[in-house]
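Student: Coordinates in target05.cif, mmCIF, C-alpha atoms, are listed below.
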```
data_query
#
loop_
_atom_site.label_atom_id
_atom_site.label_comp_id
_atom_site.auth_asym_id
_atom_site.auth_seq_id
_atom_site.Cartn_x
_atom_site.Cartn_y
_atom_site.Cartn_z
CA MET A 810 -33.52 120.03 43.19
CA ASP A 811 -36.76 118.27 44.13
CA SER A 812 -38.11 118.77 40.62
CA LEU A 813 -34.94 117.20 39.16
CA ILE A 814 -35.30 114.16 41.46
CA GLU A 815 -38.95 113.80 40.45
CA LEU A 816 -37.90 113.99 36.81
CA LEU A 817 -35.29 111.24 37.28
CA ALA A 818 -37.90 109.04 38.97
CA SER A 819 -40.46 109.50 36.19
CA PRO A 820 -40.72 106.70 33.58
CA ALA A 821 -42.43 109.14 31.21
CA ALA A 822 -39.42 111.47 31.44
CA TRP A 823 -37.02 108.63 30.62
CA ALA A 824 -39.20 107.57 27.68
CA ALA A 825 -39.22 111.16 26.42
CA LEU A 826 -35.44 111.34 26.81
CA VAL A 827 -34.81 108.15 24.82
CA THR A 828 -37.24 109.21 22.08
CA LEU A 829 -35.72 112.67 21.86
CA ILE A 830 -32.17 111.30 21.74
CA VAL A 831 -33.13 109.07 18.80
CA MET A 832 -34.81 112.00 17.04
CA GLU A 833 -31.84 114.31 17.62
CA VAL A 834 -29.37 111.70 16.35
CA VAL A 835 -31.46 111.17 13.20
CA LEU A 836 -31.80 114.92 12.64
CA GLY A 837 -28.03 115.24 13.07
CA ILE A 838 -27.38 112.99 10.07
CA ASP A 839 -28.08 115.86 7.67
CA ASN A 840 -25.64 118.10 9.52
CA LEU A 841 -22.99 115.36 9.63
CA ILE A 842 -23.18 114.55 5.90
CA PHE A 843 -22.67 118.21 5.02
CA ILE A 844 -19.73 118.57 7.41
CA SER A 845 -18.14 115.36 6.04
CA ILE A 846 -18.38 116.42 2.39
CA LEU A 847 -17.15 119.94 3.07
CA SER A 848 -14.23 118.86 5.28
CA ASN A 849 -13.05 116.36 2.64
CA LYS A 850 -12.37 119.30 0.30
CA LEU A 851 -9.70 120.59 2.67
CA PRO A 852 -6.05 119.45 2.84
CA GLN A 853 -5.68 116.18 4.74
CA GLU A 854 -4.11 117.77 7.82
CA GLN A 855 -7.04 120.18 8.28
CA ARG A 856 -9.96 117.80 7.81
CA GLN A 857 -10.30 116.39 11.32
CA LYS A 858 -9.89 119.83 12.86
CA ALA A 859 -12.65 121.22 10.61
CA ARG A 860 -15.00 118.36 11.48
CA ARG A 861 -14.43 118.71 15.21
CA MET A 862 -14.80 122.48 15.08
CA GLY A 863 -17.96 122.22 12.97
CA ILE A 864 -19.60 119.74 15.35
CA SER A 865 -18.49 121.76 18.38
CA LEU A 866 -20.12 124.83 16.84
CA ALA A 867 -23.28 122.77 16.33
CA LEU A 868 -23.29 121.89 20.04
CA VAL A 869 -22.67 125.50 21.09
CA MET A 870 -25.43 126.66 18.74
CA ARG A 871 -27.96 124.17 20.09
CA LEU A 872 -27.15 124.90 23.75
CA ALA A 873 -27.33 128.65 23.11
CA LEU A 874 -30.72 128.24 21.45
CA LEU A 875 -31.96 126.20 24.41
CA THR A 876 -31.07 129.04 26.77
CA ALA A 877 -33.21 131.33 24.60
CA ILE A 878 -36.04 128.84 24.25
CA ALA A 879 -38.79 131.47 24.57
CA TRP A 880 -37.28 133.35 21.63
CA ILE A 881 -37.03 130.09 19.63
CA VAL A 882 -40.71 129.32 20.17
CA GLY A 883 -41.52 132.84 18.97
CA LEU A 884 -39.84 132.11 15.64
CA VAL A 885 -42.88 130.13 14.49
CA HIS A 886 -45.19 133.16 14.61
CA PRO A 887 -45.91 134.64 11.13
CA VAL A 888 -44.15 137.91 10.31
CA PHE A 889 -45.89 138.52 6.96
CA ASP A 890 -48.51 136.82 4.79
CA LEU A 891 -48.87 136.95 1.00
CA GLY A 892 -52.40 135.57 1.28
CA ILE A 893 -51.83 132.57 -1.01
CA VAL A 894 -53.05 129.19 0.24
CA GLY A 895 -52.88 125.86 -1.55
CA PRO A 896 -55.72 123.31 -1.90
CA LEU A 897 -56.72 121.33 1.16
CA ASP A 898 -55.40 117.82 1.59
CA SER A 899 -57.21 114.77 2.99
CA HIS A 900 -56.65 116.04 6.54
CA GLY A 901 -58.16 119.45 5.81
CA GLU A 902 -54.76 121.17 5.87
CA PRO A 903 -53.53 123.42 3.02
CA ALA A 904 -50.92 121.86 0.74
CA PHE A 905 -48.86 125.04 1.14
CA GLU A 906 -49.26 128.56 2.50
CA THR A 907 -47.46 131.87 2.35
CA ALA A 908 -47.75 133.05 5.96
CA PHE A 909 -44.01 133.14 6.61
CA SER A 910 -42.42 133.06 10.06
CA TRP A 911 -38.75 133.64 10.83
CA ARG A 912 -38.34 129.87 11.09
CA ASP A 913 -39.78 129.49 7.56
CA LEU A 914 -37.44 132.12 6.16
CA ILE A 915 -34.41 130.54 7.85
CA LEU A 916 -35.35 127.07 6.57
CA MET A 917 -35.85 128.41 3.04
CA ALA A 918 -32.51 130.23 3.10
CA GLY A 919 -30.77 127.09 4.36
CA GLY A 920 -32.56 124.97 1.76
CA LEU A 921 -31.53 127.27 -1.08
CA PHE A 922 -27.94 127.22 0.18
CA LEU A 923 -27.95 123.41 0.31
CA VAL A 924 -29.45 123.13 -3.19
CA TRP A 925 -26.84 125.56 -4.55
CA LYS A 926 -23.97 123.83 -2.75
CA ALA A 927 -25.02 120.30 -3.70
CA THR A 928 -25.67 121.29 -7.34
CA THR A 929 -22.27 123.00 -7.56
CA GLU A 930 -20.47 119.97 -6.12
CA ILE A 931 -22.35 117.59 -8.45
CA HIS A 932 -21.37 119.77 -11.42
CA HIS A 933 -17.69 119.67 -10.40
CA THR A 934 -17.92 115.89 -10.00
CA VAL A 935 -19.54 115.08 -13.36
CA ASP A 936 -17.89 117.79 -15.51
CA ALA A 937 -15.12 115.80 -17.17
CA ASN A 938 -13.86 118.82 -19.17
CA ALA A 939 -12.83 120.64 -16.02
CA HIS A 940 -10.58 117.72 -15.07
CA ASP A 941 -9.13 117.11 -18.52
CA THR A 942 -8.15 120.66 -19.49
CA ASP A 943 -5.46 121.31 -16.94
CA ASP A 944 -4.39 119.12 -14.06
CA LEU A 945 -2.83 122.06 -12.27
CA LEU A 946 -6.07 124.02 -12.45
CA ASP A 947 -7.95 120.99 -11.15
CA LYS A 948 -5.63 120.72 -8.15
CA ASN A 949 -6.06 124.38 -7.42
CA LYS A 950 -9.82 123.93 -7.60
CA VAL A 951 -9.67 121.17 -5.01
CA LEU A 952 -7.55 123.29 -2.70
CA GLN A 953 -9.61 126.40 -3.36
CA MET A 954 -11.70 125.74 -0.25
CA THR A 955 -9.90 127.42 2.64
CA PHE A 956 -10.30 126.39 6.26
CA ALA A 957 -12.06 129.65 7.12
CA ALA A 958 -14.47 129.31 4.18
CA ALA A 959 -15.33 125.75 5.21
CA ILE A 960 -16.00 126.79 8.82
CA VAL A 961 -18.22 129.70 7.71
CA GLN A 962 -20.31 127.41 5.49
CA ILE A 963 -20.55 124.79 8.24
CA LEU A 964 -21.62 127.49 10.70
CA LEU A 965 -24.38 128.73 8.38
CA LEU A 966 -25.85 125.25 8.07
CA ASP A 967 -25.34 124.61 11.80
CA ILE A 968 -27.69 127.53 12.46
CA VAL A 969 -30.39 126.09 10.19
CA PHE A 970 -30.11 122.52 11.47
CA SER A 971 -29.87 123.68 15.09
CA ILE A 972 -33.10 125.70 14.89
CA ASP A 973 -34.89 122.73 13.32
CA SER A 974 -33.44 120.42 15.99
CA ILE A 975 -34.44 122.60 18.95
CA LEU A 976 -37.95 123.26 17.63
CA THR A 977 -38.36 119.48 17.29
CA ALA A 978 -37.21 119.08 20.90
CA VAL A 979 -39.65 121.76 22.09
CA GLY A 980 -42.48 119.92 20.36
CA MET A 981 -41.64 116.63 22.05
CA THR A 982 -41.11 117.61 25.69
CA GLU A 983 -41.58 120.58 27.99
CA HIS A 984 -38.61 119.74 30.22
CA VAL A 985 -35.54 121.79 29.29
CA GLU A 986 -33.29 119.41 31.26
CA ILE A 987 -34.28 116.54 28.97
CA MET A 988 -33.55 118.70 25.93
CA TYR A 989 -30.06 119.52 27.21
CA VAL A 990 -29.18 115.87 27.82
CA ALA A 991 -30.58 114.75 24.46
CA VAL A 992 -28.73 117.47 22.54
CA VAL A 993 -25.38 116.77 24.24
CA PHE A 994 -25.76 113.01 23.68
CA ALA A 995 -26.72 113.43 20.02
CA VAL A 996 -23.81 115.79 19.31
CA GLY A 997 -21.50 113.31 21.07
CA VAL A 998 -22.67 110.61 18.66
CA MET A 999 -22.01 113.00 15.76
CA LEU A 1000 -18.49 113.62 17.08
CA LEU A 1001 -17.75 109.89 17.26
CA ALA A 1002 -19.22 109.18 13.82
CA ALA A 1003 -17.68 112.16 12.00
CA ASP A 1004 -14.24 110.74 11.14
CA PRO A 1005 -15.41 107.23 10.12
CA LEU A 1006 -18.20 108.68 7.94
CA ALA A 1007 -15.95 111.26 6.27
CA ASN A 1008 -13.21 108.66 5.63
CA PHE A 1009 -15.77 106.22 4.20
CA ILE A 1010 -17.13 108.91 1.86
CA ASN A 1011 -13.60 109.86 0.82
CA ARG A 1012 -12.65 106.22 0.04
CA ASN A 1013 -15.76 105.55 -2.04
CA PRO A 1014 -16.28 108.12 -4.83
CA THR A 1015 -19.78 106.83 -5.68
CA VAL A 1016 -20.87 107.52 -2.09
CA VAL A 1017 -19.97 111.19 -2.62
CA MET A 1018 -22.60 111.47 -5.36
CA LEU A 1019 -25.14 109.68 -3.16
CA ALA A 1020 -24.41 112.02 -0.25
CA LEU A 1021 -24.72 115.06 -2.53
CA GLY A 1022 -28.06 113.70 -3.69
CA PHE A 1023 -29.13 113.47 -0.04
CA LEU A 1024 -28.14 117.10 0.51
CA LEU A 1025 -30.06 118.16 -2.59
CA MET A 1026 -33.16 116.34 -1.35
CA ILE A 1027 -32.80 117.78 2.16
CA GLY A 1028 -32.47 121.28 0.67
CA MET A 1029 -35.70 120.84 -1.31
CA VAL A 1030 -37.47 119.55 1.81
CA LEU A 1031 -36.33 122.60 3.81
CA ILE A 1032 -37.68 124.91 1.08
CA ALA A 1033 -40.98 123.00 1.01
CA GLU A 1034 -41.30 123.25 4.79
CA GLY A 1035 -40.63 126.97 4.54
CA PHE A 1036 -43.72 127.19 2.35
CA GLY A 1037 -45.76 125.26 4.91
CA ALA A 1038 -45.77 121.97 2.97
CA HIS A 1039 -45.39 119.21 5.54
CA VAL A 1040 -43.05 116.46 4.37
CA PRO A 1041 -42.99 113.47 6.78
CA LYS A 1042 -39.37 113.03 7.88
CA GLY A 1043 -39.90 109.27 8.15
CA TYR A 1044 -40.30 109.03 4.37
CA ILE A 1045 -37.16 111.07 3.79
CA TYR A 1046 -34.95 109.02 6.11
CA ALA A 1047 -36.44 105.74 4.86
CA ALA A 1048 -35.53 106.73 1.29
CA MET A 1049 -32.03 107.70 2.42
CA ALA A 1050 -31.59 104.41 4.31
CA PHE A 1051 -32.81 102.39 1.30
CA SER A 1052 -30.47 104.24 -1.08
CA ALA A 1053 -27.55 103.77 1.32
CA ALA A 1054 -28.32 100.04 1.59
CA VAL A 1055 -28.36 99.65 -2.21
CA GLU A 1056 -25.07 101.54 -2.51
CA GLY A 1057 -23.65 99.31 0.24
CA LEU A 1058 -24.53 96.25 -1.83
CA ASN A 1059 -22.87 97.83 -4.88
CA ILE A 1060 -19.68 98.48 -2.89
CA TRP A 1061 -19.74 94.91 -1.55
CA SER A 1062 -20.19 93.56 -5.09
CA ARG A 1063 -17.32 95.64 -6.49
CA ARG A 1064 -14.98 94.54 -3.70
CA ALA A 1065 -15.92 90.91 -4.23
CA LYS A 1066 -15.14 91.21 -7.96
CA THR A 1067 -11.83 92.91 -7.19
CA ARG A 1068 -10.82 90.11 -4.78
CA LYS A 1069 -11.85 87.47 -7.31
CA ALA A 1070 -9.85 89.15 -10.09
CA ALA A 1071 -6.82 89.40 -7.82
CA ALA A 1072 -7.09 85.72 -6.90
CA GLU A 1073 -7.37 84.64 -10.55
CA ALA A 1074 -4.52 86.87 -11.75
CA PRO A 1075 -1.41 84.93 -12.85
CA PRO A 1076 1.51 85.11 -10.40
CA SER A 1077 4.17 87.72 -11.10
CA ASP A 1078 7.59 86.59 -12.38
CA HIS A 1079 9.33 88.84 -9.83
#
```
As structure tokens - that is how I would like this structure written.
Tutor:
Amino acid sequence: MDSLIELLASPAAWAALVTLIVMEVVLGIDNLIFISILSNKLPQEQRQKARRMGISLALVMRLALLTAIAWIVGLVHPVFDLGIVGPLDSHGEPAFETAFSWRDLILMAGGLFLVWKATTEIHHTVDANAHDTDDLLDKNKVLQMTFAAAIVQILLLDIVFSIDSILTAVGMTEHVEIMYVAVVFAVGVMLLAADPLANFINRNPTVVMLALGFLLMIGMVLIAEGFGAHVPKGYIYAAMAFSAAVEGLNIWSRRAKTRKAAAEAPPSDH
């Protein structure tokens, strides 16, 4: 109890908490985009339930990993080494390496899954032949994703994103209490943002392609990190924010043109 009071009275602890909350919220964006895209493939009445269940599973996963924090830290220890090392960069670090830990293998598996999933969804989106051949087949394809299949895929990515999230938390503070609060707060933000984000993506078809591009990029980054190639997350999220801002301007422009066309349209006789 005394240690908890000391922690509450420490400005450094509060600074660590705020920083970690921001980091956890940012890291949760990847998870949230995937859940939003996947849930939108379900029938309308199942979408909100899938999103809430997916985010709840993410919270359970993160809290469970925090209780096994010693095991999580052990995931960064190499389990085998192929002995291949890339050239050194300006900081004297190898560009890549093949000393793989369990964390590396999990990140690579998650990255490959994301690349496969995003590529498949992009193919379904841009393949006009699949939509023109048979409307009934196209409807069946949309409804092909069952609730159980969606939850399983969300759970698989929850595991990957949760391990990355908790290892980030471990690297930023040594106080488990701070990690618990930051994780719960970040997942709460995800829960509040899930429905608006998914509905926005569903209403704007071009945003779907942008979000799939984000998932493709995130998958490649996870694979690169599995090979020991450090990709600064700031660059990734800055690129995502810039792309989202440009798409926002495009949406604004299209809506302005639609309103102008509606205002200039001749009045109906009826």
Student: If we count all atoms listed in the file and set the cut-off at 10 Å, which residues sit around segment 991-994 of chain A, ignoring sequence neighbours fewer than 3 positions away in its own chain? Please answer as a PyMOL selection string.
Tutor: chain A and resi 825-834+837+867-869+871-872+875+971+974-975+978+985-988+997-1000
Student: Residues within 12 Å of segment 902-909 of chain A, please, as a short mmCIF file (atom, residue, chain, number, x, y, z; two decimals) with C-alpha atoms, in the frame of the given file. Count only C-alpha atoms; anything in the same chain fewer than 2 positions from it doesn't count.
Tutor:
```cif
data_model
loop_
_atom_site.label_atom_id
_atom_site.label_comp_id
_atom_site.auth_asym_id
_atom_site.auth_seq_id
_atom_site.Cartn_x
_atom_site.Cartn_y
_atom_site.Cartn_z
CA LEU A 884 -39.84 132.11 15.64
CA VAL A 885 -42.88 130.13 14.49
CA HIS A 886 -45.19 133.16 14.61
CA PRO A 887 -45.91 134.64 11.13
CA VAL A 888 -44.15 137.91 10.31
CA PHE A 889 -45.89 138.52 6.96
CA ASP A 890 -48.51 136.82 4.79
CA LEU A 891 -48.87 136.95 1.00
CA GLY A 892 -52.40 135.57 1.28
CA ILE A 893 -51.83 132.57 -1.01
CA VAL A 894 -53.05 129.19 0.24
CA GLY A 895 -52.88 125.86 -1.55
CA PRO A 896 -55.72 123.31 -1.90
CA LEU A 897 -56.72 121.33 1.16
CA ASP A 898 -55.40 117.82 1.59
CA SER A 899 -57.21 114.77 2.99
CA HIS A 900 -56.65 116.04 6.54
CA TRP A 911 -38.75 133.64 10.83
CA ARG A 912 -38.34 129.87 11.09
CA ASP A 913 -39.78 129.49 7.56
CA LEU A 914 -37.44 132.12 6.16
CA ILE A 915 -34.41 130.54 7.85
CA LEU A 916 -35.35 127.07 6.57
CA MET A 917 -35.85 128.41 3.04
CA ILE A 1032 -37.68 124.91 1.08
CA ALA A 1033 -40.98 123.00 1.01
CA GLU A 1034 -41.30 123.25 4.79
CA GLY A 1035 -40.63 126.97 4.54
CA PHE A 1036 -43.72 127.19 2.35
CA GLY A 1037 -45.76 125.26 4.91
CA ALA A 1038 -45.77 121.97 2.97
CA HIS A 1039 -45.39 119.21 5.54
CA VAL A 1040 -43.05 116.46 4.37
#
```
Student: List as a list of chain:residue names: which residues have an atom within 9 Å of (-25.7, 126.4, 12.7), counting all atoms listed in the file?
Tutor: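 Those residues, ordered by chain and then number, are A:Asn840, A:Gly863, A:Leu866, A:Ala867, A:Leu868, A:Val869, A:Met870, A:Arg871, A:Ile963, A:Leu964, A:Leu965, A:Leu966, A:Asp967, A:Ile968, A:Val969, A:Phe970, A:Ser971, A:Ile972.
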Student: Atom CA of Leu841 of chain A to atom CA of Ala1065 of chain A: how many Å, to one decimal?
Tutor: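 Distance between the two atoms: 29.0 Å.
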Student: For Val882 of chain A, which residue among A:Met1049, A:Ile1060, A:Leu976, A:Val1030 is the nearest when counting only C-alpha atoms?
Tutor: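 Among the listed residues, A:Leu976 lies closest to Val882 of chain A.
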Student: Please evaluate the PyMOL selection byres ((chain A and resi 1052) around 12) against the displayed coordinates and give the resulting residues as a list in words.
Tutor: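 So the PyMOL selection byres ((chain A and resi 1052) around 12), applied here, picks out Thr1015, Val1016, Met1018, Leu1019, Ala1020, Gly1022, Phe1023, Ile1045, Tyr1046, Ala1047, Ala1048, Met1049, Ala1050, Phe1051, Ala1053, Ala1054, Val1055, Glu1056, Gly1057, Leu1058 and Asn1059 of chain A.
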Student: So that I can check the surroundings of segment 920-937 of chain A, please list as a VMD selection string every protein, DNA and RNA residue that reaches within 6 Å of it, counting only C-alpha atoms and ignoring chain neighbours fewer than 6 positions away.
Tutor: chain A and resid 1021 1025 1028 1031 to 1032
Student: For C-alpha atoms, I'd like the residues from the last selection saved as a PDB file, in the coordinates of the input.
Tutor:
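Below is the file that was written, selection.pdb:
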```pdb
ATOM      1  CA  LEU A1021     -24.720 115.060  -2.530  1.00  0.00           C
ATOM      2  CA  LEU A1025     -30.060 118.160  -2.590  1.00  0.00           C
ATOM      3  CA  GLY A1028     -32.470 121.280   0.670  1.00  0.00           C
ATOM      4  CA  LEU A1031     -36.330 122.600   3.810  1.00  0.00           C
ATOM      5  CA  ILE A1032     -37.680 124.910   1.080  1.00  0.00           C
TER       6      ILE A1032
END
```
Student: Measuring between all atoms listed in the file, which one of A:Ala824, A:Ile881, A:Ala1074, A:Ala859 shows the shortest distance to Ile846 of chain A?
Tutor: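 Ranked by minimum distance to Ile846 of chain A, first place goes to A:Ala859.
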Student: Would you mind reading off the distance between atom CA of Ala873 of chain A and atom CA of Leu1024 of chain A, one decimal, in Å?
Tutor: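 Taking atom CA of Ala873 of chain A and atom CA of Leu1024 of chain A, their separation equals 25.4 Å.
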Student: Enter the distance from atom CA of Leu1006 of chain A to atom CA of Val835 of chain A, in Å, rounded to one decimal.
Tutor: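 Interatomic distance here is 14.5 Å.
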Student: To box segment 959-975 of chain A, take all atoms listed in the file, fit an axis-aligned box, add 6 Å on each side, and give centre and edge lengths in Å to one decimal, as JSON.
Tutor:
```
{"center_x": -25.1, "center_y": 125.1, "center_z": 12.1, "size_x": 31.6, "size_y": 21.3, "size_z": 25.7}
```
Student: Could you tell me which of A:Trp823, A:Asp839, A:Asn1013, A:Tyr989 comes closest to Met1026 of chain A if we count all atoms listed in the file?
Tutor: A:Asp839
Student: Counting all atoms listed in the file, which of A:Pro820, A:Asn849, A:His984, A:Lys1066 gets nearest to Pro1014 of chain A?
Tutor: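 Answer, going by the shortest atom-to-atom distance: A:Asn849.
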